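Next comes protein.tsv, a file with TSV, C-alpha atoms.
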chain	number	residue	atom	x	y	z
A	1035	MET	CA	143.41	112.16	127.76
A	1036	VAL	CA	144.15	109.73	130.60
A	1037	VAL	CA	144.71	106.00	130.10
A	1038	VAL	CA	145.20	103.57	133.00
A	1039	GLN	CA	145.63	99.98	131.82
A	1040	HIS	CA	147.61	96.79	132.28
A	1041	ASP	CA	148.46	96.43	128.61
A	1042	ASP	CA	151.62	97.95	127.23
A	1043	PHE	CA	151.32	101.23	125.33
A	1044	ASP	CA	152.85	102.38	122.08
A	1045	ALA	CA	154.57	105.69	122.82
A	1046	ALA	CA	154.87	106.58	119.12
A	1047	GLU	CA	151.18	105.94	118.52
A	1048	LEU	CA	150.17	107.99	121.59
A	1049	THR	CA	152.38	110.85	120.40
A	1050	ALA	CA	150.80	110.62	116.94
A	1051	GLN	CA	147.31	110.74	118.52
A	1052	LEU	CA	148.21	113.88	120.45
A	1053	ARG	CA	149.67	115.40	117.30
A	1054	ARG	CA	146.46	114.70	115.35
A	1055	ARG	CA	144.34	116.23	118.11
A	1056	THR	CA	146.43	119.40	118.28
A	1057	GLN	CA	147.26	119.84	114.62
A	1058	GLY	CA	148.04	123.46	113.80
A	1059	LYS	CA	148.14	124.49	117.47
A	1060	ALA	CA	151.23	122.66	118.65
A	1061	GLY	CA	154.68	123.70	117.53
A	1062	ALA	CA	156.18	121.31	120.07
A	1063	ILE	CA	155.39	117.98	121.68
A	1064	VAL	CA	157.44	116.98	124.73
A	1065	THR	CA	157.21	113.39	125.96
A	1066	PHE	CA	158.43	111.50	129.01
A	1067	THR	CA	158.57	107.69	129.32
A	1068	GLY	CA	159.24	105.94	132.65
A	1069	TYR	CA	160.49	102.34	132.87
A	1070	VAL	CA	160.66	99.69	135.58
A	1071	ARG	CA	163.97	99.98	137.36
A	1072	ASP	CA	165.75	98.35	140.26
A	1073	TYR	CA	164.54	99.88	143.53
A	1074	ALA	CA	166.34	97.59	145.98
A	1075	GLU	CA	169.95	98.59	146.41
A	1076	ASP	CA	171.68	95.25	146.82
A	1077	THR	CA	169.40	92.64	145.21
A	1078	ALA	CA	168.25	92.30	141.61
A	1079	THR	CA	164.61	93.12	140.83
A	1080	ASP	CA	162.55	90.39	139.24
A	1081	SER	CA	159.27	92.20	138.67
A	1082	LEU	CA	157.11	95.08	139.83
A	1083	PHE	CA	153.43	95.02	140.72
A	1084	LEU	CA	151.52	98.29	140.43
A	1085	GLU	CA	148.39	98.56	142.54
A	1086	HIS	CA	146.05	101.48	141.93
A	1087	TYR	CA	142.83	103.07	143.13
A	1088	PRO	CA	140.49	102.73	140.12
A	1089	GLY	CA	138.48	105.87	139.53
A	1090	MET	CA	140.57	108.14	141.74
A	1091	CYS	CA	143.63	107.56	139.52
A	1092	GLU	CA	141.90	108.75	136.38
A	1093	ARG	CA	140.24	111.60	138.25
A	1094	ARG	CA	143.45	112.82	139.93
A	1095	ILE	CA	145.52	112.68	136.73
A	1096	GLY	CA	142.71	114.53	134.92
A	1097	GLU	CA	142.89	117.25	137.58
A	1098	LEU	CA	146.66	117.50	137.17
A	1099	CYS	CA	146.26	117.89	133.38
A	1100	GLU	CA	143.73	120.65	134.00
A	1101	GLN	CA	146.12	122.38	136.42
A	1102	ALA	CA	148.89	122.19	133.81
A	1103	ARG	CA	146.61	123.75	131.21
A	1104	GLN	CA	145.74	126.58	133.55
A	1105	ARG	CA	149.34	127.22	134.46
A	1106	TRP	CA	150.94	127.08	131.01
A	1107	PRO	CA	149.49	127.96	127.60
A	1108	ILE	CA	149.58	124.39	126.28
A	1109	ALA	CA	147.22	122.89	123.72
A	1110	ASP	CA	146.65	119.44	125.21
A	1111	CYS	CA	148.25	116.64	127.19
A	1112	LEU	CA	148.08	112.88	127.42
A	1113	VAL	CA	149.02	110.54	130.26
A	1114	ALA	CA	149.18	106.73	130.11
A	1115	HIS	CA	149.99	104.61	133.17
A	1116	ARG	CA	150.22	100.84	133.44
A	1117	VAL	CA	149.06	98.75	136.40
A	1118	GLY	CA	149.41	95.13	137.50
A	1119	GLU	CA	152.42	92.85	137.09
A	1120	LEU	CA	155.27	94.35	135.05
A	1121	ARG	CA	158.57	92.71	134.20
A	1122	ASN	CA	161.90	94.39	134.76
A	1123	THR	CA	162.70	96.96	132.00
A	1124	GLU	CA	159.08	97.32	130.80
A	1125	GLN	CA	157.66	100.81	130.36
A	1126	ILE	CA	155.32	102.08	133.10
A	1127	VAL	CA	154.26	105.63	132.38
A	1128	PHE	CA	154.02	108.03	129.47
A	1129	VAL	CA	153.36	111.78	129.58
A	1130	ALA	CA	153.05	113.90	126.44
A	1131	VAL	CA	152.36	117.62	126.26
A	1132	ALA	CA	151.63	119.60	123.11
A	1133	GLY	CA	152.13	123.35	123.09
A	1134	ALA	CA	152.78	126.25	120.79
A	1135	HIS	CA	156.24	126.70	122.32
A	1136	ARG	CA	158.73	124.20	123.68
A	1137	GLY	CA	159.43	125.98	126.98
A	1138	ASP	CA	155.86	125.70	128.22
A	1139	ALA	CA	155.59	122.11	126.95
A	1140	PHE	CA	158.83	121.09	128.74
A	1141	ARG	CA	157.72	122.65	132.01
A	1142	ALA	CA	154.18	121.25	131.87
A	1143	CYS	CA	155.52	117.76	131.10
A	1144	GLU	CA	157.93	117.86	134.04
A	1145	TYR	CA	155.22	119.23	136.31
A	1146	LEU	CA	152.84	116.44	135.31
A	1147	ILE	CA	155.25	113.59	136.03
A	1148	ASP	CA	156.42	115.19	139.30
A	1149	ALA	CA	152.84	115.75	140.47
A	1150	LEU	CA	151.69	112.31	139.30
A	1151	LYS	CA	154.46	110.57	141.26
A	1152	THR	CA	153.36	112.19	144.51
A	1153	SER	CA	149.58	112.47	144.16
A	1154	ALA	CA	148.14	109.87	141.76
A	1155	PRO	CA	147.13	106.78	143.78
A	1156	PHE	CA	149.49	104.06	142.53
A	1157	TRP	CA	151.70	101.86	144.72
A	1158	LYS	CA	154.66	99.77	143.58
A	1159	ARG	CA	155.47	96.38	145.10
A	1160	GLU	CA	158.80	94.99	144.11
A	1161	THR	CA	159.63	91.29	143.90
A	1162	LEU	CA	163.32	90.51	144.16
A	1163	ALA	CA	165.17	87.76	142.32
A	1164	ASP	CA	165.24	85.73	145.56
A	1165	GLY	CA	161.44	85.93	145.91
A	1166	ARG	CA	161.22	88.57	148.65
A	1167	GLN	CA	158.61	91.29	148.18
A	1168	PHE	CA	158.30	94.80	149.57
A	1169	TRP	CA	156.25	97.93	148.98
A	1170	VAL	CA	158.37	100.73	147.55
A	1171	ARG	CA	158.48	103.81	149.80
A	1172	GLN	CA	157.91	107.31	148.47
A	1173	GLN	CA	161.22	109.09	147.97
A	1174	ASP	CA	161.75	112.28	149.95
A	1175	ARG	CA	163.33	113.87	146.89
A	1176	ASP	CA	160.18	113.17	144.82
A	1177	ALA	CA	158.01	114.80	147.49
A	1178	ARG	CA	160.33	117.81	147.72
A	1179	LYS	CA	160.48	118.25	143.95
A	1180	ALA	CA	156.68	118.12	143.59
A	1181	GLU	CA	156.28	120.57	146.47
A	1182	GLN	CA	158.59	123.07	144.78
A	1183	TRP	CA	156.15	123.54	141.91
A	1184	HIS	CA	153.83	125.20	144.42
A	1185	THR	CA	156.45	127.76	145.42
A	1186	ALA	CA	158.68	128.12	142.36
A	1187	THR	CA	157.80	130.44	139.52
A	1188	GLY	CA	158.46	127.79	136.91
A	1189	ASN	CA	161.17	125.19	137.21
A	1190	PRO	CA	161.83	123.70	140.66
A	1191	ASP	CA	165.42	122.92	139.70
A	1192	HIS	CA	166.17	126.63	140.02
A	1193	HIS	CA	165.74	126.24	143.75
A	1194	GLU	CA	168.04	123.28	144.27
B	954	MET	CA	121.20	107.12	162.53
B	955	SER	CA	122.10	103.59	163.66
B	956	GLY	CA	122.40	102.48	160.03
B	957	ALA	CA	124.81	105.27	159.03
B	958	THR	CA	128.07	103.91	157.66
B	959	ILE	CA	131.06	104.78	155.51
B	960	ASN	CA	132.71	102.52	152.95
B	961	VAL	CA	136.38	102.15	153.85
B	962	LEU	CA	138.96	101.03	151.24
B	963	TYR	CA	142.49	99.85	152.02
B	964	PHE	CA	145.29	99.79	149.47
B	965	ALA	CA	148.73	98.22	149.09
B	966	ARG	CA	150.66	97.79	152.38
B	967	VAL	CA	147.66	99.01	154.39
B	968	ALA	CA	145.49	96.26	152.86
B	969	ASP	CA	148.19	93.72	153.72
B	970	LEU	CA	148.22	94.91	157.34
B	971	THR	CA	144.44	95.00	157.83
B	972	GLY	CA	143.96	91.74	155.94
B	973	LYS	CA	141.11	93.21	153.91
B	974	ARG	CA	140.58	95.55	150.98
B	975	HIS	CA	137.31	97.14	152.09
B	976	GLU	CA	134.79	97.16	154.88
B	977	SER	CA	131.71	99.00	156.04
B	978	TRP	CA	132.31	101.16	159.12
B	979	PRO	CA	129.56	102.55	161.41
B	980	LEU	CA	129.53	106.34	161.54
B	981	PRO	CA	126.87	107.63	163.97
B	982	ALA	CA	127.97	111.27	163.52
B	983	PRO	CA	130.31	113.23	161.22
B	984	ILE	CA	133.92	113.14	162.36
B	985	ASP	CA	137.13	114.85	161.31
B	986	ALA	CA	139.58	112.69	159.37
B	987	GLY	CA	142.27	112.96	162.07
B	988	SER	CA	139.97	111.63	164.81
B	989	TRP	CA	138.70	108.84	162.57
B	990	LEU	CA	142.30	107.75	161.85
B	991	LYS	CA	142.81	107.36	165.61
B	992	GLU	CA	139.76	105.06	165.69
B	993	LEU	CA	141.23	103.11	162.79
B	994	GLU	CA	144.53	102.80	164.63
B	995	SER	CA	142.68	101.48	167.72
B	996	ARG	CA	141.03	98.77	165.63
B	997	TYR	CA	144.25	97.96	163.76
B	998	PRO	CA	147.23	98.71	166.05
B	999	GLN	CA	149.48	97.26	163.36
B	1000	LEU	CA	148.87	100.45	161.32
B	1001	ALA	CA	150.60	102.65	163.91
B	1002	PRO	CA	151.98	105.22	163.57
B	1003	SER	CA	148.96	106.47	161.63
B	1004	ASP	CA	150.40	109.96	161.18
B	1005	LYS	CA	152.25	108.75	158.07
B	1006	LEU	CA	149.07	107.39	156.44
B	1007	LYS	CA	147.17	109.25	153.73
B	1008	LEU	CA	143.41	109.52	153.36
B	1009	ALA	CA	141.09	110.20	150.48
B	1010	ILE	CA	137.44	111.09	150.95
B	1011	ASN	CA	135.24	110.37	147.93
B	1012	GLN	CA	138.35	109.94	145.76
B	1013	CYS	CA	139.94	113.31	146.70
B	1014	HIS	CA	143.04	113.61	148.88
B	1015	ALA	CA	141.90	114.77	152.33
B	1016	LYS	CA	143.69	116.62	155.10
B	1017	ARG	CA	143.23	115.73	158.78
B	1018	HIS	CA	140.79	118.59	159.47
B	1019	GLU	CA	138.34	117.54	156.74
B	1020	THR	CA	135.03	115.99	157.71
B	1021	ILE	CA	133.93	112.41	157.05
B	1022	ARG	CA	130.15	111.98	156.68
B	1023	ALA	CA	127.83	108.99	156.42
B	1024	GLY	CA	127.85	107.52	152.94
B	1025	ASP	CA	131.40	108.68	152.18
B	1026	GLU	CA	134.02	106.49	150.52
B	1027	VAL	CA	137.15	106.76	152.65
B	1028	ALA	CA	140.43	105.29	151.39
B	1029	VAL	CA	143.52	104.68	153.53
B	1030	PHE	CA	146.96	104.24	152.01
B	1031	ASP	CA	150.67	104.98	152.19
B	1032	PRO	CA	152.25	107.90	150.31
B	1033	VAL	CA	151.88	107.02	146.63
B	1034	THR	CA	154.70	105.61	144.49
B	1035	GLY	CA	153.53	105.63	140.88
B	1036	GLY	CA	155.26	107.06	137.87

Produce structure tokens that represent the structure in this file.
Amino acid sequence: MVVVQHDDFDAAELTAQLRRRTQGKAGAIVTFTGYVRDYAEDTATDSLFLEHYPGMCERRIGELCEQARQRWPIADCLVAHRVGELRNTEQIVFVAVAGAHRGDAFRACEYLIDALKTSAPFWKRETLADGRQFWVRQQDRDARKAEQWHTATGNPDHHE
Amino acid sequence: MSGATINVLYFARVADLTGKRHESWPLPAPIDAGSWLKELESRYPQLAPSDKLKLAINQCHAKRHETIRAGDEVAVFDPVTGG
């Protein structure tokens, strides 16, 4: 299931939904929550604006979930991502993976957030406390980490 | 063929630089994405260097060798920063 919305999400409720959908099949649910953080190095962040490509976002994240299901024997996954104006410290993204075994669920969850960060069409614009705005640039380390899933046998951290 | 066009979408910093979020673009014949990006850069020199820009054709990430055809939705944007 993929949810892209401005409204905040309830991580516990989303986890419970995934649990209900996978009852009896999932011995493990692994979740990841991402929050707004300070991207500028020397000035405090006031807020973050998340622009997205409606339609392609949902489609791309759906494809990533399908790839995760083909790669690991997981039961189901759920991704929620917020868009629009977000205040500092708010939650942005939630990924949950249900699987029979924790190892596959951990790996699929990490794969999903790594792949989402480098291929789902969202863009962050940060507003600093002094009013200046800038578009956040993609981090080289995020691109490298996502790329490693295409070459590594499982966990890209083994190659670092 | 004179009426053949593509629907071009601009996002985030690219939309700021072009001053618009979408426009119709004449496409008399199919063209590879790399060549079309050069045309885009000619119209909007402020986008240079265009080699860092990403393209999607009909909502799928597209490489430079892929073909753009009349009726396509072509999106131009910077490397994504969600998550």

*Cut-off 10 Å around (129.8, 109.2, 155.0) with all atoms listed in the file: residues as a ChimeraX atom specification*: /B:957-961,978-984,1010-1011,1020-1027

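Minimum distance to Arg1105 (chain A) across A:Asp1138, A:Asp1072, A:Glu1124, A:Glu1119 (counting only C-alpha atoms) occurs at A:Asp1138.
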
*Would you be able to write out as a ChimeraX atom specification which residues have an atom within 9 Å of (146.2, 117.5, 140.0) in the file's coordinates, counting only C-alpha atoms?*
/A:1093-1102,1146,1149-1150,1153-1154

*asked:* Excluding Leu962 (chain B) and its own-chain neighbours fewer than 6 positions away, which residues fall within 8 Å of it when counting all atoms listed in the file? Please give them as a list of chain:residue names.
replied: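 Selected residues are B:Arg974, B:His975, B:Glu976, B:Glu1026, B:Val1027, B:Ala1028, B:Val1029.
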
With C-alpha atoms retained, export the selected residues as a PDB file, in the frame of the given file.
ATOM      1  CA  ARG B 974     140.580  95.550 150.980  1.00  0.00           C
ATOM      2  CA  HIS B 975     137.310  97.140 152.090  1.00  0.00           C
ATOM      3  CA  GLU B 976     134.790  97.160 154.880  1.00  0.00           C
ATOM      4  CA  GLU B1026     134.020 106.490 150.520  1.00  0.00           C
ATOM      5  CA  VAL B1027     137.150 106.760 152.650  1.00  0.00           C
ATOM      6  CA  ALA B1028     140.430 105.290 151.390  1.00  0.00           C
ATOM      7  CA  VAL B1029     143.520 104.680 153.530  1.00  0.00           C
TER       8      VAL B1029
END

*At a cut-off of 12 Å, list the chain B residues touching chain A, using only C-alpha atoms, as a ChimeraX atom specification.*
/B:962-970,974,1005-1015,1026-1036
